[in-house]
Amino acid sequence: MSMKKNYVVETIRKAQMVQLLADGKRMDERALDQHRPLKIETGIIPKANGSARVTLGNTQVIAGVKIATGTPFPDTPDKGLLVVNAEILPMASPYAEPGPPSEEAIELARVVDRGIRESEMVDLTKLCLITGKSVVTVFVDCNIMNVDGNLFDATSYAVVAALRTSKMKKYVVKDDKVEATDEVVPVKVEKTPVSVTLARIGDRLVVDPNAEEEASMDMRVTITTDDDGNVVASQKGEASTISPAQVLEAVDTSIKVGKEIRKLILEAVK
Amino acid sequence: MENKKKKLIDDKGKRLDGRKWDELRPISLQVGLMKNADGSAYIEWGKNKIMAAVYGPKEVHPKHQVLPDRALLRCRYHMAPFSVDERKNPAPSRREIEISKVIREALVPAVIVEDYPRTAIEVWVEVLQSDGGSRVAGITAASLALADAGINMRDLVVGCSCGIIEDHVVADLDDTEDKEGSGDMPVAIMPNLGLVSLLQVDGIYTRDQFKKAFELAIEKGKQVYAMQREALTSKFFGGEPMTTEVEEVAE
């Protein structure tokens with residue numbers, strides 16, 4: 001959703017931004033490593049196993065978790081299924097359209113999925129019921145409600161908050177058959193991965209770009225870190241480059257900002 | 001599942017296929033094999049067999065996609081149904097759509113798109129047989145195909161993937177190491193400009209492991225770059241000596 005919509009206006013805007021950034025300033029007066037106000041509400045959809053609404057500036061995402069049983073993939077017979085999906089709703093922006101998912105929406109879902117999966121937030125081996133036959137399936141679907149930049153982070157926080165507050169029926173295996181009991185248990189969650197996206201505008205990196213900044217950015221990089229400060233996923237985007245030194249700078253910023261945001265998420269899911 | 005997992009790297013740092021931790025698989029590159037394409041390159045990298053072909057600059061269809069000030073670079077990374085163990089559905093998967101996007105974004109910075117306004121340049125990457133690291137092999141071949149097509153470029157683009165297996169940082173993961181290992185980091189660079197145009201990471205890396213793997217990927221990429229240059233030179237100058245003689249043109 002970062003395509004240039006109005007070439008002349010955005011080229012002028014970019015020149016202004018680059019000038020401001022040279023003095024370490026942003027259009028909305030944030031510091032370069034400052035994210036927008038973040039609000040996380042959980043349990044907003046009682047029919048879902050877990051849900052969250054994340055508001056990051058004017059970007060808004062709702063994530064819902066649905067849990068059932070299914071068959072495992074043949075190459076991972078002892079692992080449950082975790083699927084993260086995202087849809088940019090036509091109501092989310094004047095530029096969004098209904099139809100099959102765009103390249104952007106596919107990348108968004110896959111990058112968010114990668115951060116959650118690779119952090120081992122959900123231990124999939126614990127979701128195996130009968131090896132090769134039956135496993136617990138966890139679907140996390142994200143509705144992008146309003147687009148104002150940085151969908152990657154907003155969506156990731158929504159997924160983490162929704163999973164952290166998910167509850168599921170306890171399944172038991174009796175005579176090689178899976179039965180759902182009436183007992184409700186929390187979904188076992190081990191970690192809190194946090195995604196931090198930076199945009200390069202001119203030669204400076206800024207955290208949590210809004211839509212205006214995304215329209216002017218040259219490059220975008222998302223880095224997901226875990227509770228121990230490890231890097232668990234990353235993705236560079238947009239048709240431009242980043243210097244090796246700036247990659248390491250981005251990693252350090254993501255670890256630092258990730259810590260602050262992890263606190264906010266954990267506070268919200270308490 | 002068996003409890004005993006194959007050890008991917010032994011105590012002496014030797015990997016399943018006998019490579020050292022920082023050793024690349026065998027790579028071969030050939031330029032200009034496809035007759036109809038404006039440019040092409042074929043790469044074999046380990047068990048990867050990938051053909052890249054370039055068409056253009058050509059007219060843009062549909063016309064509303066035209067860019068007034070530069071060329072539109074289209075890119076499709078596609079895996080042949082027979083390229084993997086289980087037949088792959090030929091329709092583009094979400095993985096292929098994402099990889100097509102990141103390959104395009106890795107190549108565009110190297111192409112002087114401003115030289116070809118209102119045109120399209122098409123890059124087709126076909127994976128005939130896949131092993132680990134097919135996207136970086138695809139990028140390496142695609143940038144050669146662009147050069148072969150005579151398209152103005154700032155630099156070549158070359159990729160290499162590094163990662164983590166059993167807590168060791170290693171270069172150039174193959175299929176088994178990618179699936180069984182704990183992390184994969186494909187990186188593409190523009191070697192002369194010293195810039196990174198593709199970076200994807202999965203796995204769990206400490207800050208130091210991240211730095212080590214990332215810097216190793218850049219170093220190994222430069223090694224592959226030398227082979228890229230050789231492949232281009234051998235197509236255009238072959239084994240024959242370079243000559244300064246110019247054929248006389250009849251008046």
# chains A, B, ... in the order shown; residues from 1 in each chain; ligands from 1
$ closest_atom_pairs --of "chain A" --to "chain B" --cutoff "7 Å" --atoms "only C-alpha atoms" --output "CSV"
residue,atom,partner,partner_atom,distance
A:Glu103,CA,B:Ile97,CA,6.5
A:Ile106,CA,B:Arg94,CA,6.4
A:Glu107,CA,B:Glu98,CA,5.5
A:Arg114,CA,B:Asp202,CA,6.8
A:Glu118,CA,B:Gly203,CA,5.3
A:Ser119,CA,B:Ile204,CA,6.8
A:Asn230,CA,B:Thr206,CA,4.5
A:Val231,CA,B:Tyr205,CA,5.1
A:Val232,CA,B:Ile204,CA,4.5
A:Ala233,CA,B:Asp202,CA,4.4
A:Ser234,CA,B:Val201,CA,4.5
A:Gln235,CA,B:Gln200,CA,4.4
A:Lys236,CA,B:Leu199,CA,5.2
A:Gly237,CA,B:Glu105,CA,6.9
A:Glu238,CA,B:Glu105,CA,5.7
A:Ala239,CA,B:Glu105,CA,4.1
A:Ser240,CA,B:Pro109,CA,5.2
A:Thr241,CA,B:Ser197,CA,4.5
A:Ile242,CA,B:Val196,CA,5.1
A:Ser243,CA,B:Leu195,CA,4.8
A:Pro244,CA,B:Val196,CA,6.6
$ write_last_selection --atoms "C-alpha atoms" --output "mmCIF file, in the first residue's frame"
data_model
loop_
_atom_site.group_PDB
_atom_site.id
_atom_site.type_symbol
_atom_site.label_atom_id
_atom_site.label_comp_id
_atom_site.auth_asym_id
_atom_site.auth_seq_id
_atom_site.Cartn_x
_atom_site.Cartn_y
_atom_site.Cartn_z
ATOM 1 C CA GLU A 103 1.099 -9.200 -3.629
ATOM 2 C CA ILE A 106 0.461 -11.990 0.693
ATOM 3 C CA GLU A 107 3.829 -10.567 1.731
ATOM 4 C CA ARG A 114 7.371 -15.916 9.830
ATOM 5 C CA GLU A 118 10.235 -18.742 13.863
ATOM 6 C CA SER A 119 10.128 -17.352 17.401
ATOM 7 C CA ASN A 230 17.452 -12.696 19.399
ATOM 8 C CA VAL A 231 16.556 -11.875 15.810
ATOM 9 C CA VAL A 232 13.926 -14.389 14.658
ATOM 10 C CA ALA A 233 12.771 -12.970 11.322
ATOM 11 C CA SER A 234 13.438 -10.146 8.940
ATOM 12 C CA GLN A 235 12.338 -8.886 5.582
ATOM 13 C CA LYS A 236 13.633 -6.052 3.460
ATOM 14 C CA GLY A 237 11.096 -4.519 1.097
ATOM 15 C CA GLU A 238 10.725 -1.909 -1.659
ATOM 16 C CA ALA A 239 12.831 -1.528 -4.788
ATOM 17 C CA SER A 240 15.902 -0.030 -3.176
ATOM 18 C CA THR A 241 18.925 -0.998 -1.124
ATOM 19 C CA ILE A 242 20.312 -0.799 2.397
ATOM 20 C CA SER A 243 23.960 -0.604 3.420
ATOM 21 C CA PRO A 244 25.409 -3.371 5.609
#
$ select_by_dssp --residues "range 47-226 of chain B" --states "strand (DSSP E or B)" --output "PyMOL selection string"
chain B and resi 48-59+72-79+111+119-129+153+158-165+168-171+183-190+195-205
$ residues_around --residues "range 140-156 of chain A" --least-positions-apart "5" --cutoff "7 Å" --atoms "only C-alpha atoms" --output "NGL selection string"
:A and (54 or 56 or 58-66 or 83-89 or 91-93 or 108 or 112 or 195-197 or 208-211 or 214)
$ residues_around --residues "Thr131 in chain A" --least-positions-apart "6" --cutoff "12 Å" --atoms "only C-alpha atoms" --output "MDAnalysis selection string"
(chainID A and resid 70:80 125 173 176:178) or (chainID B and resid 1:2)
$ closest_residue --among "A:Lys126, A:Arg53, A:Arg110, A:Arg164" --to "Leu81 in chain A" --atoms "only C-alpha atoms"
A:Lys126
$ select_by_dssp --residues "range 27-105 of chain B" --states "helix (DSSP H, G or I)" --output "ChimeraX atom specification"
/B:63-65,94-105
$ residues_around --residues "Ile27 in chain B" --least-positions-apart "3" --cutoff "9 Å" --atoms "only C-alpha atoms" --output "ChimeraX atom specification"
/B:24,43-46,224,227
$ atom_distance --atom1 "CA of Ile201 in chain A" --atom2 "CA of Met17 in chain A"
7.7 Å
$ residues_around --residues "Arg262 in chain A" --least-positions-apart "5" --cutoff "8 Å" --atoms "only C-alpha atoms" --output "ChimeraX atom specification"
/A:192-194,227
$ write_last_selection --atoms "C-alpha atoms" --output "PDB file, in the first residue's frame"
ATOM      1  CA  THR A 192       6.382 -12.697  22.775  1.00  0.00           C
ATOM      2  CA  PRO A 193       7.958 -11.924  19.405  1.00  0.00           C
ATOM      3  CA  VAL A 194       7.881  -8.233  18.507  1.00  0.00           C
ATOM      4  CA  ASP A 227      12.264 -11.906  24.614  1.00  0.00           C
TER       5      ASP A 227
END
$ residues_around --residues "Val84 in chain B" --least-positions-apart "2" --cutoff "7 Å" --atoms "only C-alpha atoms" --output "PyMOL selection string"
chain B and resi 82+86-88+129-130
$ write_last_selection --atoms "N, CA and C atoms" --output "CSV table (one decimal), in the first residue's frame"
chain,number,residue,atom,x,y,z
B,82,PHE,N,7.8,-30.6,-11.5
B,82,PHE,CA,8.7,-31.7,-11.3
B,82,PHE,C,10.0,-31.3,-10.5
B,86,GLU,N,7.7,-34.0,-4.1
B,86,GLU,CA,6.2,-34.2,-4.4
B,86,GLU,C,5.9,-33.2,-5.5
B,87,ARG,N,5.0,-33.7,-6.4
B,87,ARG,CA,4.7,-32.7,-7.5
B,87,ARG,C,4.1,-31.5,-7.0
B,88,LYS,N,4.6,-30.3,-7.5
B,88,LYS,CA,4.1,-29.0,-7.0
B,88,LYS,C,3.0,-28.6,-8.0
B,129,GLN,N,14.8,-27.6,-11.2
B,129,GLN,CA,15.0,-28.5,-10.1
B,129,GLN,C,15.4,-27.6,-8.9
B,130,SER,N,14.8,-27.9,-7.7
B,130,SER,CA,15.1,-27.0,-6.6
B,130,SER,C,15.8,-27.7,-5.5
$ atom_distance --atom1 "CA of Asp148 in chain B" --atom2 "CA of Trp124 in chain B"
13.8 Å
$ atom_distance --atom1 "CA of Tyr77 in chain B" --atom2 "CA of Lys49 in chain B"
13.1 Å
